[in-house]
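A.B. asks: Structure: coords-v9.csv, CSV, C-alpha atoms and all ligand atoms.
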```
chain,number,residue,atom,x,y,z
O,18,MET,CA,22.8,73.7,-11.6
O,19,LEU,CA,20.2,75.9,-13.3
O,20,LYS,CA,18.5,78.4,-11.1
O,21,PHE,CA,15.0,77.9,-12.6
O,22,ASP,CA,12.2,76.9,-10.2
O,23,PRO,CA,9.4,75.3,-12.2
O,24,ALA,CA,7.3,74.6,-9.0
O,25,THR,CA,7.2,78.3,-8.0
O,26,ALA,CA,6.4,79.3,-11.6
O,27,ILE,CA,3.3,77.1,-11.4
O,28,GLN,CA,2.5,78.3,-7.8
O,29,ARG,CA,2.5,82.0,-8.8
O,30,LEU,CA,-0.1,81.5,-11.6
O,31,ASP,CA,-3.5,83.0,-10.9
O,32,GLY,CA,-5.7,80.2,-12.3
O,33,ARG,CA,-9.1,81.7,-11.5
O,34,ASP,CA,-11.6,82.1,-14.2
O,35,ALA,CA,-14.8,84.2,-14.3
O,36,THR,CA,-16.5,82.0,-11.7
O,37,ARG,CA,-13.8,82.9,-9.1
O,38,GLY,CA,-13.6,79.3,-8.0
O,39,VAL,CA,-10.2,78.2,-6.7
O,40,ASN,CA,-10.0,75.7,-9.5
O,41,PRO,CA,-11.0,76.7,-13.0
O,42,SER,CA,-14.4,75.2,-14.0
O,43,ILE,CA,-14.5,72.3,-16.4
O,44,SER,CA,-15.3,73.4,-20.0
O,45,ASP,CA,-18.1,71.3,-21.2
O,46,SER,CA,-18.5,72.6,-24.7
O,47,ALA,CA,-17.2,71.3,-28.0
O,48,THR,CA,-18.0,74.6,-29.8
O,49,PHE,CA,-18.2,78.3,-28.7
O,50,THR,CA,-20.4,81.2,-29.6
O,51,PHE,CA,-19.4,84.6,-31.0
O,52,PRO,CA,-21.1,88.0,-30.4
O,53,LYS,CA,-20.7,89.0,-34.1
O,54,ALA,CA,-20.1,87.1,-37.3
O,55,GLN,CA,-17.0,89.1,-37.9
O,56,THR,CA,-15.5,87.9,-34.6
O,57,MET,CA,-15.9,84.3,-35.8
O,58,THR,CA,-14.1,85.1,-39.0
O,59,ASP,CA,-11.3,86.9,-37.2
O,60,THR,CA,-10.9,84.1,-34.7
O,61,PHE,CA,-10.6,81.6,-37.6
O,62,HIS,CA,-7.7,83.7,-38.8
O,63,GLY,CA,-6.1,83.9,-35.4
O,64,GLU,CA,-6.8,87.6,-35.1
O,65,THR,CA,-8.7,87.8,-31.8
O,66,GLU,CA,-7.9,87.2,-28.2
O,67,GLY,CA,-10.1,85.7,-25.5
O,68,TYR,CA,-12.3,83.8,-28.0
O,69,TYR,CA,-12.5,80.1,-28.3
O,70,LEU,CA,-13.3,78.6,-31.7
O,71,TYR,CA,-13.7,74.9,-31.3
O,72,SER,CA,-12.5,72.4,-28.6
O,73,ARG,CA,-10.1,70.5,-31.0
O,74,HIS,CA,-8.2,73.8,-31.3
O,75,TRP,CA,-8.5,75.3,-27.8
O,76,ASN,CA,-10.9,75.2,-24.9
O,77,PRO,CA,-10.7,77.0,-21.5
O,78,SER,CA,-9.7,73.8,-19.5
O,79,ASN,CA,-6.9,72.9,-21.9
O,80,PHE,CA,-5.8,76.5,-22.0
O,81,ALA,CA,-5.6,76.6,-18.1
O,82,LEU,CA,-3.5,73.4,-18.1
O,83,CYS,CA,-1.3,74.6,-20.8
O,84,GLN,CA,-0.5,77.8,-19.0
O,85,ALA,CA,0.7,75.7,-16.1
O,86,LEU,CA,2.8,73.5,-18.5
O,87,ALA,CA,4.4,76.5,-20.1
O,88,ALA,CA,5.1,78.0,-16.7
O,89,MET,CA,6.7,74.8,-15.6
O,90,GLU,CA,8.9,74.5,-18.8
O,91,GLY,CA,9.7,78.2,-19.0
O,92,THR,CA,8.3,78.2,-22.5
O,93,GLU,CA,6.0,80.8,-24.0
O,94,ALA,CA,3.3,78.2,-24.7
O,95,ALA,CA,2.1,74.6,-24.6
O,96,TRP,CA,-0.6,72.4,-26.0
O,97,CYS,CA,-2.0,69.2,-24.6
O,98,THR,CA,-2.7,65.9,-26.3
O,99,GLY,CA,-4.7,62.7,-25.7
O,100,SER,CA,-1.5,60.6,-25.0
O,101,GLY,CA,2.2,61.0,-24.8
O,102,LEU,CA,2.7,59.2,-28.1
O,103,ALA,CA,0.2,61.7,-29.7
O,104,ALA,CA,2.5,64.6,-28.4
O,105,ILE,CA,5.6,62.9,-29.9
O,106,THR,CA,4.1,61.9,-33.2
O,107,THR,CA,2.4,65.3,-33.7
O,108,ALA,CA,5.6,67.2,-32.9
O,109,LEU,CA,7.7,65.1,-35.2
O,110,MET,CA,5.3,65.0,-38.1
O,111,HIS,CA,4.9,68.8,-37.9
O,112,GLU,CA,8.6,69.2,-38.8
O,113,VAL,CA,9.0,66.8,-41.8
O,114,LYS,CA,7.8,66.0,-45.3
O,115,ALA,CA,8.8,63.2,-47.6
O,116,GLY,CA,12.5,63.3,-48.3
O,117,ASP,CA,13.4,64.9,-44.9
O,118,HIS,CA,15.5,63.1,-42.3
O,119,ILE,CA,15.1,62.7,-38.5
O,120,LEU,CA,18.1,61.7,-36.5
O,121,SER,CA,17.0,59.9,-33.3
O,122,SER,CA,18.8,58.6,-30.2
O,123,MET,CA,19.1,54.8,-30.5
O,124,THR,CA,17.6,54.5,-27.0
O,125,THR,CA,14.1,55.7,-26.8
O,126,TYR,CA,10.7,54.5,-25.5
O,127,GLY,CA,9.8,51.4,-27.6
O,128,GLY,CA,6.6,53.1,-29.0
O,129,THR,CA,8.6,56.0,-30.2
O,130,PHE,CA,11.2,53.7,-31.8
O,131,ALA,CA,8.5,51.8,-33.6
O,132,PHE,CA,6.8,55.0,-34.8
O,133,LEU,CA,10.1,56.3,-36.2
O,134,LYS,CA,11.4,53.0,-37.7
O,135,ASN,CA,8.2,51.3,-39.0
O,136,TRP,CA,5.6,53.9,-39.4
O,137,LEU,CA,7.0,57.3,-40.4
O,138,THR,CA,9.3,55.7,-43.0
O,139,LYS,CA,6.2,54.5,-44.9
O,140,PHE,CA,5.7,58.2,-45.9
O,141,GLY,CA,9.2,58.7,-47.3
O,142,VAL,CA,10.7,60.2,-44.3
O,143,GLU,CA,14.3,59.1,-43.6
O,144,VAL,CA,15.1,58.1,-40.1
O,145,SER,CA,18.4,57.0,-38.6
O,146,PHE,CA,19.4,56.1,-35.1
O,147,VAL,CA,22.7,56.8,-33.4
O,148,ASN,CA,24.1,56.6,-29.9
O,149,PHE,CA,23.4,60.1,-28.6
O,150,GLN,CA,26.0,59.7,-25.8
O,151,ASP,CA,28.6,60.0,-28.6
O,152,LEU,CA,28.4,63.6,-29.7
O,153,GLU,CA,30.9,63.1,-32.5
O,154,ALA,CA,28.8,60.2,-33.9
O,155,VAL,CA,25.8,62.5,-33.7
O,156,LYS,CA,27.6,65.2,-35.7
O,157,LYS,CA,28.7,62.7,-38.3
O,158,ALA,CA,25.1,61.3,-38.6
O,159,VAL,CA,23.6,64.7,-39.5
O,160,ARG,CA,22.6,64.8,-43.2
O,161,PRO,CA,21.9,67.9,-45.4
O,162,ASN,CA,18.2,67.0,-45.2
O,163,THR,CA,18.1,66.5,-41.3
O,164,LYS,CA,15.2,68.5,-39.9
O,165,VAL,CA,15.0,67.1,-36.4
O,166,LEU,CA,17.3,65.6,-33.7
O,167,TYR,CA,15.2,63.6,-31.2
O,168,THR,CA,16.1,62.3,-27.8
O,169,GLU,CA,14.8,61.7,-24.3
O,170,THR,CA,16.5,63.7,-21.6
O,171,MET,CA,16.8,60.7,-19.3
O,172,ASN,CA,16.3,57.8,-21.6
O,173,ASN,CA,14.1,54.8,-21.3
O,174,PRO,CA,15.1,52.3,-20.0
O,175,LEU,CA,18.9,52.8,-19.7
O,176,LEU,CA,18.7,56.1,-17.7
O,177,ARG,CA,21.5,57.8,-19.7
O,178,ILE,CA,21.3,61.6,-19.8
O,179,ALA,CA,21.3,63.5,-23.1
O,180,ASN,CA,23.6,66.5,-23.3
O,181,VAL,CA,20.9,68.9,-24.3
O,182,PRO,CA,23.0,72.0,-24.6
O,183,GLU,CA,25.5,70.3,-26.9
O,184,LEU,CA,22.9,68.5,-28.9
O,185,SER,CA,21.0,71.8,-29.5
O,186,LYS,CA,24.2,73.3,-30.9
O,187,ILE,CA,24.6,70.4,-33.3
O,188,ALA,CA,20.9,70.7,-34.3
O,189,HIS,CA,21.0,74.4,-34.8
O,190,ALA,CA,24.3,74.4,-36.8
O,191,ALA,CA,22.5,72.0,-39.2
O,192,GLY,CA,19.4,74.2,-39.4
O,193,ALA,CA,17.4,71.4,-37.5
O,194,LYS,CA,15.3,71.5,-34.4
O,195,LEU,CA,16.0,69.6,-31.2
O,196,ILE,CA,12.9,67.9,-29.8
O,197,VAL,CA,13.3,66.4,-26.3
O,198,ASP,CA,11.0,63.9,-24.5
O,199,ASN,CA,11.3,64.9,-20.8
O,200,THR,CA,8.7,62.3,-19.5
O,201,PHE,CA,11.1,60.8,-16.8
O,202,THR,CA,12.3,64.1,-15.5
O,203,PRO,CA,9.7,66.8,-15.2
O,204,MET,CA,10.9,69.8,-13.1
O,205,ILE,CA,14.3,68.1,-12.8
O,206,PHE,CA,15.2,69.2,-16.3
O,207,SER,CA,13.9,72.2,-18.3
O,208,PRO,CA,15.0,71.2,-21.8
O,209,CYS,CA,13.9,74.3,-23.6
O,210,LYS,CA,15.9,76.4,-21.1
O,211,LEU,CA,18.9,74.2,-22.0
O,212,GLY,CA,18.6,74.9,-25.7
O,213,ALA,CA,15.9,72.4,-26.9
O,214,ASP,CA,13.3,73.9,-29.3
O,215,VAL,CA,10.4,71.7,-28.2
O,216,THR,CA,9.8,69.6,-25.1
O,217,VAL,CA,7.3,66.7,-25.2
O,218,TYR,CA,5.8,64.7,-22.4
O,219,SER,CA,3.8,61.7,-21.7
O,220,MET,CA,1.7,63.3,-18.9
O,221,THR,CA,0.4,59.7,-18.2
O,222,LYS,CA,3.4,59.3,-16.0
O,223,TYR,CA,4.8,61.7,-13.4
O,224,ILE,CA,2.9,64.9,-14.4
O,225,ASN,CA,-0.5,63.3,-13.7
O,226,GLY,CA,0.9,60.7,-11.2
O,227,THR,CA,-2.3,58.7,-10.6
O,228,ASN,CA,-2.3,56.3,-13.6
O,229,ASP,CA,-6.0,57.0,-14.4
O,230,CYS,CA,-5.6,58.4,-17.9
O,231,VAL,CA,-3.2,58.8,-20.8
O,232,ALA,CA,-2.3,62.3,-21.8
O,233,GLY,CA,0.6,64.2,-23.4
O,234,ALA,CA,2.0,67.7,-23.8
O,235,ILE,CA,4.0,69.8,-26.3
O,236,CYS,CA,5.8,72.9,-25.1
O,237,GLY,CA,7.6,75.5,-27.1
O,238,SER,CA,7.5,79.1,-28.4
O,239,MET,CA,4.2,80.8,-29.0
O,240,GLU,CA,4.9,80.9,-32.7
O,241,TYR,CA,5.5,77.2,-32.8
O,242,ILE,CA,2.4,76.3,-30.8
O,243,ASN,CA,0.3,78.6,-32.9
O,244,SER,CA,1.7,76.8,-36.0
O,245,LEU,CA,0.7,73.4,-34.6
O,246,ILE,CA,-3.0,74.6,-34.3
O,247,ASP,CA,-3.1,76.6,-37.5
O,248,VAL,CA,-6.4,75.8,-39.2
O,249,ASN,CA,-4.8,75.3,-42.6
O,250,ASN,CA,-1.5,73.6,-41.9
O,251,GLY,CA,-1.3,72.8,-38.2
O,252,THR,CA,-0.5,69.1,-37.5
O,253,ALA,CA,-2.4,69.2,-34.2
O,254,MET,CA,-5.4,70.9,-35.6
O,255,LEU,CA,-5.6,68.6,-38.7
O,256,LEU,CA,-4.8,65.3,-37.0
O,257,GLY,CA,-6.9,66.2,-34.0
O,258,PRO,CA,-5.1,64.5,-31.1
O,259,VAL,CA,-6.5,66.9,-28.5
O,260,LEU,CA,-6.9,66.0,-24.8
O,261,ASP,CA,-10.4,65.9,-23.3
O,262,PRO,CA,-11.1,69.0,-21.1
O,263,HIS,CA,-12.3,66.8,-18.2
O,264,ARG,CA,-8.9,65.2,-18.1
O,265,SER,CA,-7.0,68.5,-18.4
O,266,THR,CA,-8.9,69.8,-15.4
O,267,SER,CA,-7.9,66.8,-13.2
O,268,ILE,CA,-4.3,66.8,-14.5
O,269,LEU,CA,-3.9,70.5,-13.6
O,270,LYS,CA,-4.9,69.8,-10.0
O,271,ASN,CA,-2.3,67.0,-9.8
O,272,MET,CA,0.4,69.2,-11.3
O,273,HIS,CA,0.3,71.3,-8.1
O,274,THR,CA,1.8,68.4,-6.1
O,275,LEU,CA,4.3,67.4,-8.8
O,276,HIS,CA,7.3,69.0,-7.1
O,277,ILE,CA,6.6,67.2,-3.8
O,278,ARG,CA,6.1,63.9,-5.6
O,279,MET,CA,9.2,64.2,-7.7
O,280,ARG,CA,11.3,64.9,-4.6
O,281,GLN,CA,9.9,61.9,-2.8
O,282,HIS,CA,10.2,59.5,-5.8
O,283,GLY,CA,13.8,60.7,-6.1
O,284,GLU,CA,14.6,60.3,-2.4
O,285,ASN,CA,13.2,56.7,-2.4
O,286,ALA,CA,15.1,55.8,-5.6
O,287,MET,CA,18.3,57.3,-4.1
O,288,TYR,CA,17.9,55.3,-0.9
O,289,LEU,CA,17.4,52.1,-2.8
O,290,ALA,CA,20.4,52.8,-5.1
O,291,LYS,CA,22.6,53.1,-2.0
O,292,ARG,CA,21.2,50.0,-0.4
O,293,PHE,CA,21.5,48.0,-3.7
O,294,LYS,CA,25.1,49.1,-3.8
O,295,GLU,CA,25.8,48.0,-0.3
O,296,VAL,CA,24.4,44.5,-0.9
O,297,GLY,CA,26.2,44.2,-4.3
O,298,PHE,CA,23.2,44.2,-6.7
O,299,LYS,CA,24.0,45.3,-10.2
O,300,TYR,CA,22.0,48.6,-10.2
O,301,ASN,CA,21.7,51.6,-12.4
O,302,TYR,CA,20.8,55.1,-11.0
O,303,PRO,CA,22.0,58.4,-12.3
O,304,GLY,CA,22.1,60.0,-8.9
O,305,LEU,CA,25.2,58.3,-7.7
O,306,PRO,CA,28.7,59.4,-8.9
O,307,GLU,CA,29.6,56.1,-10.5
O,308,HIS,CA,26.8,56.6,-13.1
O,309,PRO,CA,28.6,57.7,-16.4
O,310,ASP,CA,26.3,60.8,-16.7
O,311,TYR,CA,26.2,61.9,-13.0
O,312,GLU,CA,28.3,65.0,-13.7
O,313,LEU,CA,26.4,65.9,-16.8
O,314,MET,CA,23.1,65.5,-14.9
O,315,CYS,CA,24.4,67.7,-12.1
O,316,SER,CA,25.3,70.4,-14.6
O,317,MET,CA,21.9,70.4,-16.3
O,318,MET,CA,19.4,69.9,-13.5
O,319,ASN,CA,17.2,72.3,-11.5
O,320,GLU,CA,17.9,72.3,-7.8
O,321,GLY,CA,15.6,70.6,-5.3
O,322,PHE,CA,13.8,67.9,-7.2
O,323,GLY,CA,16.2,65.0,-6.8
O,324,PHE,CA,17.6,62.7,-9.5
O,325,GLY,CA,14.3,61.0,-10.5
O,326,GLY,CA,12.3,58.0,-9.4
O,327,MET,CA,13.6,55.6,-12.1
O,328,ILE,CA,16.1,52.9,-11.1
O,329,SER,CA,17.0,49.5,-12.5
O,330,ILE,CA,18.7,46.3,-11.4
O,331,ASP,CA,20.1,43.7,-13.7
O,332,MET,CA,19.2,40.1,-12.9
O,333,GLY,CA,21.1,38.6,-15.8
O,334,THR,CA,18.4,36.6,-17.5
O,335,ALA,CA,14.8,37.3,-18.4
O,336,ASP,CA,13.7,34.2,-16.4
O,337,ALA,CA,15.4,35.4,-13.3
O,338,ALA,CA,13.8,38.8,-13.8
O,339,SER,CA,10.3,37.3,-14.2
O,340,LYS,CA,10.7,35.2,-11.1
O,341,ILE,CA,11.8,38.1,-8.9
O,342,MET,CA,9.0,40.4,-10.3
O,343,GLU,CA,6.3,37.8,-9.5
O,344,ILE,CA,7.6,37.4,-5.9
O,345,MET,CA,7.9,41.2,-5.5
O,346,GLN,CA,4.3,41.6,-6.5
O,347,GLU,CA,3.2,38.8,-4.1
O,348,LYS,CA,5.2,40.5,-1.2
O,349,GLY,CA,3.6,43.9,-1.9
O,350,VAL,CA,6.6,45.8,-3.2
O,351,GLY,CA,4.3,47.1,-5.9
O,352,TYR,CA,2.8,46.0,-9.2
O,353,LEU,CA,4.1,44.1,-12.2
O,354,ALA,CA,3.0,46.6,-14.8
O,355,VAL,CA,4.3,48.8,-17.6
O,356,SER,CA,4.3,52.6,-17.2
O,357,LEU,CA,5.8,54.8,-14.5
O,358,GLY,CA,5.3,57.9,-12.3
O,359,TYR,CA,2.6,56.3,-10.1
O,360,PHE,CA,2.3,56.7,-6.3
O,361,LYS,CA,2.9,52.9,-5.9
O,362,THR,CA,6.0,51.2,-7.2
O,363,ILE,CA,5.7,49.7,-10.6
O,364,PHE,CA,8.3,47.3,-12.2
O,365,SER,CA,8.7,45.6,-15.5
O,366,ASN,CA,11.3,43.8,-17.6
O,367,SER,CA,12.1,46.4,-20.2
O,368,GLY,CA,13.3,44.1,-22.9
O,369,LYS,CA,10.1,42.1,-22.8
O,370,SER,CA,7.7,45.0,-22.4
O,371,THR,CA,8.2,48.8,-23.0
O,372,SER,CA,11.2,48.2,-25.2
O,373,SER,CA,10.0,45.0,-26.9
O,374,GLU,CA,9.5,46.9,-30.1
O,375,VAL,CA,13.3,47.4,-30.3
O,376,PRO,CA,14.8,44.3,-32.0
O,377,GLU,CA,17.0,42.2,-29.8
O,378,ASP,CA,20.2,43.0,-31.7
O,379,ILE,CA,19.6,46.7,-31.2
O,380,GLN,CA,18.8,46.1,-27.5
O,381,LYS,CA,22.2,44.5,-27.2
O,382,GLU,CA,23.9,47.3,-29.0
O,383,MET,CA,22.3,49.8,-26.6
O,384,GLY,CA,23.6,47.8,-23.7
O,385,MET,CA,20.2,46.6,-22.5
O,386,SER,CA,20.4,43.4,-20.5
O,387,GLU,CA,17.6,40.9,-21.0
O,388,GLY,CA,17.4,40.6,-17.2
O,389,LEU,CA,16.9,44.4,-16.6
O,390,ILE,CA,14.1,45.2,-14.2
O,391,ARG,CA,13.1,48.8,-14.4
O,392,PHE,CA,11.5,50.2,-11.2
O,393,SER,CA,9.4,53.4,-11.1
O,394,MET,CA,9.7,54.0,-7.3
O,395,GLY,CA,6.5,54.9,-5.6
O,396,LEU,CA,6.0,57.3,-2.7
O,397,ASP,CA,6.7,54.6,-0.1
O,398,ASN,CA,6.8,56.0,3.4
O,399,ASP,CA,9.1,53.2,4.7
O,400,ILE,CA,11.6,52.7,2.0
O,401,GLU,CA,13.9,50.5,4.1
O,402,ALA,CA,11.0,48.1,4.5
O,403,THR,CA,10.6,48.1,0.7
O,404,PHE,CA,14.3,47.4,0.3
O,405,GLN,CA,14.0,44.5,2.7
O,406,LEU,CA,11.1,43.1,0.6
O,407,ILE,CA,13.1,43.4,-2.7
O,408,LYS,CA,16.1,41.8,-1.1
O,409,ALA,CA,13.9,38.9,0.3
O,410,ALA,CA,12.4,38.5,-3.2
O,411,VAL,CA,15.8,38.2,-4.8
O,412,GLU,CA,16.9,35.7,-2.2
O,413,GLU,CA,13.8,33.6,-2.6
O,414,SER,CA,14.1,33.6,-6.4
O,415,ARG,CA,17.5,32.0,-6.1
O,416,LYS,CA,16.4,29.1,-3.9
O,501,LIG,N1,7.7,58.7,-23.7
O,501,LIG,C1,8.2,57.9,-22.8
O,501,LIG,C2,9.6,58.1,-22.2
O,501,LIG,C3,7.5,56.8,-22.3
O,501,LIG,O1,8.0,56.0,-21.4
O,501,LIG,C4,6.2,56.6,-22.8
O,501,LIG,C5,5.3,55.5,-22.4
O,501,LIG,O2,5.7,54.6,-21.7
O,501,LIG,C6,5.7,57.5,-23.8
O,501,LIG,C7,6.5,58.5,-24.2
O,501,LIG,C8,4.3,57.3,-24.4
O,501,LIG,O3,3.4,57.9,-23.6
O,501,LIG,P1,1.8,57.4,-23.6
O,501,LIG,O4,1.7,56.0,-23.2
O,501,LIG,O5,1.2,58.4,-22.7
O,501,LIG,O6,1.3,57.6,-25.0
```
Starting from the file, lay out its structure as structure tokens.
C.D. replies:
Amino acid sequence: MLKFDPATAIQRLDGRDATRGVNPSISDSATFTFPKAQTMTDTFHGETEGYYLYSRHWNPSNFALCQALAAMEGTEAAWCTGSGLAAITTALMHEVKAGDHILSSMTTYGGTFAFLKNWLTKFGVEVSFVNFQDLEAVKKAVRPNTKVLYTETMNNPLLRIANVPELSKIAHAAGAKLIVDNTFTPMIFSPCKLGADVTVYSMTKYINGTNDCVAGAICGSMEYINSLIDVNNGTAMLLGPVLDPHRSTSILKNMHTLHIRMRQHGENAMYLAKRFKEVGFKYNYPGLPEHPDYELMCSMMNEGFGFGGMISIDMGTADAASKIMEIMQEKGVGYLAVSLGYFKTIFSNSGKSTSSEVPEDIQKEMGMSEGLIRFSMGLDNDIEATFQLIKAAVEESRK
């Protein structure tokens, strides 16, 4: 296991600003003043420190959040976006031009898959998908024009683990970058410490944890983040997907409880996995040794944050899954909704929701059952009671 402690890295930051408040004040300005005309010119050229130019570039609230994000990731810098997909699309578009190639894991969040397959290809970027569990297949799929290898650390919705150290070697040998979406596993994995060049997040999920906004983050080297916001060529500066500072302020506060939440989400999912196993449900959880990537996960993870709050059961058919989810919602297990990382349990049938952009034949090739129910386990205090409700819902659906 890695000996990196992202929670302590955030804890040790002195986040006070000039007001000396315990929380930095919310920046409420779209533009900022300069004492001298020359300071403005120098700031435009990135030659000053401590000056803000314009809120689409930087503002004090986003900067404070990004310092915490960079501390958590062990990267030099970070930048925050208005959604997770904005982080992913900005990071990917920044690396490619027409004629370049992106090699992506076949299993990704459906929105990412649709962006890569349907949208980016309109601009002459080549995209191909391969099973990233098969490292030999990944090596073979690399082309002379490959600029990016893209994967999720724990993938959505199959919960397979990407071998980040090995994938980074393949990417770097080809002169490409490895970009990793770590949305399911903040703190558990530190992809840039494992060899990735860039880590992206949907902060909508665990990092914020309250399901009251969409937000995203891009973490990497200082040089890389500065290139993203370069006034002439920066993809973030020129497409403008910046996060609103009111939101960054609230997300920053929630980040300070992320380690405790991750631990509790993980403990609850682990408890359920063991109980599902006992009663013979077809379950999938990477925290038990029978998961194909258990050893790999153990070798890559930071200590003390558990194996994540995502767990799935396979009910065989989409109809069976629908019936059980409706009963679970009635019984108060949680909500039938997309998304994850919330304090309450959320469940959905992946094939019909967050992966519905992935054509059915590819869903089959990935190994995604049409009856797959993906749970994002909440912070339930009595997880045995939750298990009993799920079991009762399954039994009732079979009557
Ligand atoms: N990455 C993963 C793994 C996701 O599950 C999602 C959304 O479900 C996203 C990215 C997109 O994030 P957002 O909805 O914040 O744009």
A.B. asks: What is the atom CA of O:Pro303 to atom CA of O:Ala85 distance in Å?
C.D. replies: 27.7 Å
A.B. asks: If we count only C-alpha atoms and set the cut-off at 10 Å, which residues sit around O:Asp22, ignoring sequence neighbours fewer than 3 positions away in its own chain? Please answer as an MDAnalysis selection string.
C.D. replies: chainID O and resid 19 25:27 88:91 204:205 207 276 319:322
A.B. asks: What does the structure give for the distance between atom CA of O:Gly127 and atom CA of O:Lys381, in Å to one decimal?
C.D. replies: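 Computing the Euclidean distance for atom CA of O:Gly127 and atom CA of O:Lys381 yields 14.2 Å.
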A.B. asks: In Å, with one decimal, what is the gap from atom CA of O:Leu70 to atom CA of O:Thr58?
C.D. replies: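 It comes out at 9.8 Å.
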A.B. asks: Using all atoms listed in the file, find each residue with an atom at most 9 Å away from ligand LIG 501 (chain O) and format the answer as a ChimeraX atom specification.
C.D. replies: /O:99-105,125-129,169-174,198-201,217-222,230-233,355-357,371
A.B. asks: The selected residues should be written to file as a tab-separated table (two decimals), keeping the file's coordinate frame (atoms: C-alpha atoms).
C.D. replies:
```tsv
chain	number	residue	atom	x	y	z
O	99	GLY	CA	-4.70	62.70	-25.70
O	100	SER	CA	-1.50	60.60	-25.00
O	101	GLY	CA	2.20	61.00	-24.80
O	102	LEU	CA	2.70	59.20	-28.10
O	103	ALA	CA	0.20	61.70	-29.70
O	104	ALA	CA	2.50	64.60	-28.40
O	105	ILE	CA	5.60	62.90	-29.90
O	125	THR	CA	14.10	55.70	-26.80
O	126	TYR	CA	10.70	54.50	-25.50
O	127	GLY	CA	9.80	51.40	-27.60
O	128	GLY	CA	6.60	53.10	-29.00
O	129	THR	CA	8.60	56.00	-30.20
O	169	GLU	CA	14.80	61.70	-24.30
O	170	THR	CA	16.50	63.70	-21.60
O	171	MET	CA	16.80	60.70	-19.30
O	172	ASN	CA	16.30	57.80	-21.60
O	173	ASN	CA	14.10	54.80	-21.30
O	174	PRO	CA	15.10	52.30	-20.00
O	198	ASP	CA	11.00	63.90	-24.50
O	199	ASN	CA	11.30	64.90	-20.80
O	200	THR	CA	8.70	62.30	-19.50
O	201	PHE	CA	11.10	60.80	-16.80
O	217	VAL	CA	7.30	66.70	-25.20
O	218	TYR	CA	5.80	64.70	-22.40
O	219	SER	CA	3.80	61.70	-21.70
O	220	MET	CA	1.70	63.30	-18.90
O	221	THR	CA	0.40	59.70	-18.20
O	222	LYS	CA	3.40	59.30	-16.00
O	230	CYS	CA	-5.60	58.40	-17.90
O	231	VAL	CA	-3.20	58.80	-20.80
O	232	ALA	CA	-2.30	62.30	-21.80
O	233	GLY	CA	0.60	64.20	-23.40
O	355	VAL	CA	4.30	48.80	-17.60
O	356	SER	CA	4.30	52.60	-17.20
O	357	LEU	CA	5.80	54.80	-14.50
O	371	THR	CA	8.20	48.80	-23.00
```
A.B. asks: Take stretch 150-161 of chain O, model N, CA and C atoms, and hand the result over as a PDB file, in the coordinates of the input.
C.D. replies:
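And here is the file that came out, rebuild.pdb:
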```
ATOM      1  N   GLN O 150      24.967  59.434 -26.785  1.00  0.00           N
ATOM      2  CA  GLN O 150      26.000  59.700 -25.800  1.00  0.00           C
ATOM      3  C   GLN O 150      27.291  60.135 -26.506  1.00  0.00           C
ATOM      4  N   ASP O 151      27.417  59.717 -27.767  1.00  0.00           N
ATOM      5  CA  ASP O 151      28.600  60.000 -28.600  1.00  0.00           C
ATOM      6  C   ASP O 151      28.360  61.169 -29.473  1.00  0.00           C
ATOM      7  N   LEU O 152      28.741  62.357 -29.003  1.00  0.00           N
ATOM      8  CA  LEU O 152      28.400  63.600 -29.700  1.00  0.00           C
ATOM      9  C   LEU O 152      29.061  63.662 -31.104  1.00  0.00           C
ATOM     10  N   GLU O 153      30.257  63.074 -31.207  1.00  0.00           N
ATOM     11  CA  GLU O 153      30.900  63.100 -32.500  1.00  0.00           C
ATOM     12  C   GLU O 153      30.149  62.217 -33.510  1.00  0.00           C
ATOM     13  N   ALA O 154      29.635  61.089 -33.016  1.00  0.00           N
ATOM     14  CA  ALA O 154      28.800  60.200 -33.900  1.00  0.00           C
ATOM     15  C   ALA O 154      27.554  60.939 -34.314  1.00  0.00           C
ATOM     16  N   VAL O 155      26.985  61.732 -33.395  1.00  0.00           N
ATOM     17  CA  VAL O 155      25.800  62.500 -33.700  1.00  0.00           C
ATOM     18  C   VAL O 155      26.094  63.487 -34.847  1.00  0.00           C
ATOM     19  N   LYS O 156      27.216  64.221 -34.671  1.00  0.00           N
ATOM     20  CA  LYS O 156      27.600  65.200 -35.700  1.00  0.00           C
ATOM     21  C   LYS O 156      27.762  64.552 -37.059  1.00  0.00           C
ATOM     22  N   LYS O 157      28.418  63.384 -37.043  1.00  0.00           N
ATOM     23  CA  LYS O 157      28.700  62.700 -38.300  1.00  0.00           C
ATOM     24  C   LYS O 157      27.375  62.182 -38.962  1.00  0.00           C
ATOM     25  N   ALA O 158      26.395  61.872 -38.120  1.00  0.00           N
ATOM     26  CA  ALA O 158      25.100  61.300 -38.600  1.00  0.00           C
ATOM     27  C   ALA O 158      24.177  62.331 -39.201  1.00  0.00           C
ATOM     28  N   VAL O 159      24.482  63.616 -38.933  1.00  0.00           N
ATOM     29  CA  VAL O 159      23.600  64.700 -39.500  1.00  0.00           C
ATOM     30  C   VAL O 159      23.745  64.707 -40.989  1.00  0.00           C
ATOM     31  N   ARG O 160      22.603  64.814 -41.677  1.00  0.00           N
ATOM     32  CA  ARG O 160      22.600  64.800 -43.200  1.00  0.00           C
ATOM     33  C   ARG O 160      22.148  66.225 -43.614  1.00  0.00           C
ATOM     34  N   PRO O 161      22.382  66.561 -44.891  1.00  0.00           N
ATOM     35  CA  PRO O 161      21.900  67.900 -45.400  1.00  0.00           C
ATOM     36  C   PRO O 161      20.395  68.034 -45.231  1.00  0.00           C
TER      37      PRO O 161
END
```
